[in-house]
Amino acid sequence: MTILIDQPELGSQPEKLYSETNELVLDGGFPVPKDGFMAPEINSFGNSFRDYDAESERQKTVEEFYRINHINQTYDFVKKMREAYGKLDRVEMSIWECCELLNDVIDDSDPDLDEPQIEHLLQTAEAIRKDYPNEDWLHLTGLIHDLGKVLLHPSFGELPQWAVVGDTFPLGCAFDEANVHHKYFKENPDYNNPHYSTKNGIYSEGCGLDNVAKENKSTLPPAALFIIRYHSFYPLHRHGAYKHLMNEEDVENLKWLHIFNKYDLYSKSKVRIDVEKVKPYYLSLIEKYFPAKLRW
């Protein structure tokens, strides 16, 4: 996934969204349970998580994905895609119906999982639910954070994988070396474009990362929207790249993203979730935070 950065005014500081208890310790600036989710050291393939150099057939698929992605994801391409899909005129359906479409999607960019995406959504949500039982907005964020991958589905035009999945990075400014397989950007038409090849490019320092549209009238808090849009922005939240583009609200929301990332990344496994058992709970959250049908 790639982003074009809008430049809103500095946002106000969001309210603290967590519940205070004596059983919590600080992690990324926010409290988490002392005996909470323990991140495993290896993924389901026996490698370290996000190891893009491990020798395996899966890694060959992942690297080829990033080669094509980095060559073809240009500023003009993404601007055209935003204009086309921003109309939200493809289909009307519920959040859960959209989740079920991901039964048919496997992410070629992910070195840690080759299961259908709905498995990953439920694994993430359930791991968060165990550690943060009172933060229902965060449980729902875990469930829906990858719904953008439905763009791979025939109902949404069946876009190629390189146009939809993978790590997030900004276009319109220089490609930071913290991006996975950075070497392939040299073949991207934007790489030598003088307008896009400087540190700030077309942006201004401190312009702010997030200007997420809420056309479907979700009542999820700003931190949830930030997580949904930037959970794959590993150059930022793992390596500290592109921080010069952040504003004050971004800095505050990034604390929640750091917490979310542990569950998004390390909950991936071959352990299956009983969908029918947990479905009523998540349907109740969808009803709380979203209308019955959404435009997509």
# chains A, B, ... in the order shown; residues from 1 in each chain; ligands from 1
>>> residues_around(residues="Thr124 (chain A)", least_positions_apart="3", cutoff="6 Å", atoms="only C-alpha atoms", output="list in words")
Leu121, Ala127, Gly142, Tyr263, Asp264 and Ser267 of chain A
>>> residues_around(residues="region 213-229 of chain A", least_positions_apart="2", cutoff="7 Å", atoms="only C-alpha atoms", output="list of chain:residue names")
A:Trp137, A:Leu138, A:Thr141, A:His145, A:Asp210, A:Asn211, A:His231, A:Asn253, A:Trp256, A:Leu257, A:Tyr289, A:Phe290, A:Leu294, A:Arg295
>>> residues_around(residues="Ile71 (chain A)", least_positions_apart="6", cutoff="9 Å", atoms="only C-alpha atoms", output="MDAnalysis selection string")
chainID A and resid 184:189
>>> closest_residue(among="A:Asp76, A:Glu64, A:Glu83, A:Glu248", to="Tyr196 (chain A)", atoms="only C-alpha atoms")
A:Asp76
>>> residues_around(residues="region 200-205 of chain A", least_positions_apart="5", cutoff="7 Å", atoms="only C-alpha atoms", output="mmCIF file with all heavy atoms, in the first residue's frame")
data_model
loop_
_atom_site.group_PDB
_atom_site.id
_atom_site.type_symbol
_atom_site.label_atom_id
_atom_site.label_comp_id
_atom_site.auth_asym_id
_atom_site.auth_seq_id
_atom_site.Cartn_x
_atom_site.Cartn_y
_atom_site.Cartn_z
ATOM 1 N N GLY A 172 5.747 10.978 -3.723
ATOM 2 C CA GLY A 172 5.860 12.435 -3.827
ATOM 3 C C GLY A 172 7.055 12.980 -3.082
ATOM 4 O O GLY A 172 7.273 14.189 -3.041
ATOM 5 N N CYS A 173 7.842 12.096 -2.472
ATOM 6 C CA CYS A 173 9.090 12.478 -1.812
ATOM 7 C C CYS A 173 10.066 11.317 -1.953
ATOM 8 O O CYS A 173 9.709 10.251 -2.469
ATOM 9 C CB CYS A 173 8.862 12.837 -0.346
ATOM 10 S SG CYS A 173 8.183 11.501 0.670
ATOM 11 N N ALA A 174 11.298 11.508 -1.512
ATOM 12 C CA ALA A 174 12.330 10.497 -1.691
ATOM 13 C C ALA A 174 11.969 9.180 -1.006
ATOM 14 O O ALA A 174 11.376 9.173 0.070
ATOM 15 C CB ALA A 174 13.663 11.015 -1.159
ATOM 16 N N HIS A 195 11.041 16.654 -8.680
ATOM 17 C CA HIS A 195 9.949 17.110 -7.805
ATOM 18 C C HIS A 195 9.702 16.127 -6.662
ATOM 19 O O HIS A 195 9.203 16.512 -5.601
ATOM 20 C CB HIS A 195 8.662 17.287 -8.604
ATOM 21 C CG HIS A 195 8.743 18.323 -9.674
ATOM 22 N ND1 HIS A 195 8.861 19.671 -9.407
ATOM 23 C CD2 HIS A 195 8.755 18.193 -11.029
ATOM 24 C CE1 HIS A 195 8.918 20.341 -10.541
ATOM 25 N NE2 HIS A 195 8.851 19.469 -11.540
ATOM 26 N N HIS A 244 9.668 13.498 9.902
ATOM 27 C CA HIS A 244 9.653 14.945 9.652
ATOM 28 C C HIS A 244 8.333 15.415 9.045
ATOM 29 O O HIS A 244 8.038 16.609 9.047
ATOM 30 C CB HIS A 244 10.814 15.327 8.728
ATOM 31 C CG HIS A 244 10.786 14.641 7.392
ATOM 32 N ND1 HIS A 244 11.115 13.317 7.226
ATOM 33 C CD2 HIS A 244 10.459 15.104 6.156
ATOM 34 C CE1 HIS A 244 11.000 12.985 5.946
ATOM 35 N NE2 HIS A 244 10.598 14.048 5.276
ATOM 36 N N LEU A 245 7.519 14.477 8.559
ATOM 37 C CA LEU A 245 6.225 14.838 7.982
ATOM 38 C C LEU A 245 5.086 14.780 9.005
ATOM 39 O O LEU A 245 3.966 15.164 8.703
ATOM 40 C CB LEU A 245 5.896 13.897 6.815
ATOM 41 C CG LEU A 245 6.880 13.899 5.637
ATOM 42 C CD1 LEU A 245 6.474 12.862 4.607
ATOM 43 C CD2 LEU A 245 6.969 15.278 4.998
#
>>> closest_atom_pairs(of="region 114-200 of chain A", to="region 58-63 of chain A", cutoff="12 Å", atoms="only C-alpha atoms", output="Markdown table")
| residue | atom | partner | partner_atom | distance |
| --- | --- | --- | --- | --- |
| A:Asp114 | CA | A:Arg58 | CA | 8.6 |
| A:Gln161 | CA | A:Val62 | CA | 10.8 |
| A:Trp162 | CA | A:Val62 | CA | 10.5 |
| A:Val165 | CA | A:Val62 | CA | 11.0 |
| A:Gly166 | CA | A:Val62 | CA | 9.2 |
| A:Asp167 | CA | A:Val62 | CA | 11.4 |
| A:Val180 | CA | A:Glu63 | CA | 9.1 |
| A:His181 | CA | A:Glu63 | CA | 7.4 |
| A:His182 | CA | A:Glu63 | CA | 10.9 |
| A:Lys183 | CA | A:Glu63 | CA | 11.1 |
| A:Tyr184 | CA | A:Glu63 | CA | 9.9 |
>>> write_last_selection(atoms="N, CA and C atoms", output="PDB file, in the first residue's frame")
ATOM      1  N   ASP A 114       0.646 -17.575   5.073  1.00  0.00           N
ATOM      2  CA  ASP A 114       0.060 -17.891   3.772  1.00  0.00           C
ATOM      3  C   ASP A 114      -1.360 -18.424   3.932  1.00  0.00           C
ATOM      4  N   GLN A 161      -1.788  -7.734  -7.016  1.00  0.00           N
ATOM      5  CA  GLN A 161      -1.276  -7.647  -5.643  1.00  0.00           C
ATOM      6  C   GLN A 161      -0.376  -6.434  -5.450  1.00  0.00           C
ATOM      7  N   TRP A 162       0.484  -6.134  -6.398  1.00  0.00           N
ATOM      8  CA  TRP A 162       1.436  -5.033  -6.217  1.00  0.00           C
ATOM      9  C   TRP A 162       0.754  -3.690  -6.033  1.00  0.00           C
ATOM     10  N   VAL A 165      -1.343  -4.547  -1.693  1.00  0.00           N
ATOM     11  CA  VAL A 165      -0.779  -4.989  -0.417  1.00  0.00           C
ATOM     12  C   VAL A 165       0.686  -4.562  -0.293  1.00  0.00           C
ATOM     13  N   GLY A 166       1.325  -4.996   0.789  1.00  0.00           N
ATOM     14  CA  GLY A 166       2.723  -4.647   1.031  1.00  0.00           C
ATOM     15  C   GLY A 166       2.865  -3.501   2.017  1.00  0.00           C
ATOM     16  N   ASP A 167       4.108  -3.191   2.359  1.00  0.00           N
ATOM     17  CA  ASP A 167       4.376  -2.097   3.285  1.00  0.00           C
ATOM     18  C   ASP A 167       3.929  -0.761   2.704  1.00  0.00           C
ATOM     19  N   VAL A 180      11.550  -1.811   2.696  1.00  0.00           N
ATOM     20  CA  VAL A 180      11.965  -3.169   2.339  1.00  0.00           C
ATOM     21  C   VAL A 180      12.340  -3.230   0.858  1.00  0.00           C
ATOM     22  N   HIS A 181      13.445  -3.911   0.553  1.00  0.00           N
ATOM     23  CA  HIS A 181      13.924  -4.074  -0.821  1.00  0.00           C
ATOM     24  C   HIS A 181      14.010  -2.727  -1.551  1.00  0.00           C
ATOM     25  N   HIS A 182      14.613  -1.774  -0.886  1.00  0.00           N
ATOM     26  CA  HIS A 182      14.735  -0.412  -1.406  1.00  0.00           C
ATOM     27  C   HIS A 182      15.380  -0.371  -2.790  1.00  0.00           C
ATOM     28  N   LYS A 183      16.258  -1.307  -3.096  1.00  0.00           N
ATOM     29  CA  LYS A 183      17.024  -1.281  -4.345  1.00  0.00           C
ATOM     30  C   LYS A 183      16.130  -1.230  -5.584  1.00  0.00           C
ATOM     31  N   TYR A 184      14.928  -1.770  -5.483  1.00  0.00           N
ATOM     32  CA  TYR A 184      14.068  -1.820  -6.664  1.00  0.00           C
ATOM     33  C   TYR A 184      13.416  -0.483  -6.987  1.00  0.00           C
TER      34      TYR A 184
END
>>> atom_distance(atom1="CA of His258 (chain A)", atom2="CA of Glu287 (chain A)")
27.0 Å
>>> atom_distance(atom1="CA of Thr74 (chain A)", atom2="CA of Asp108 (chain A)")
19.8 Å
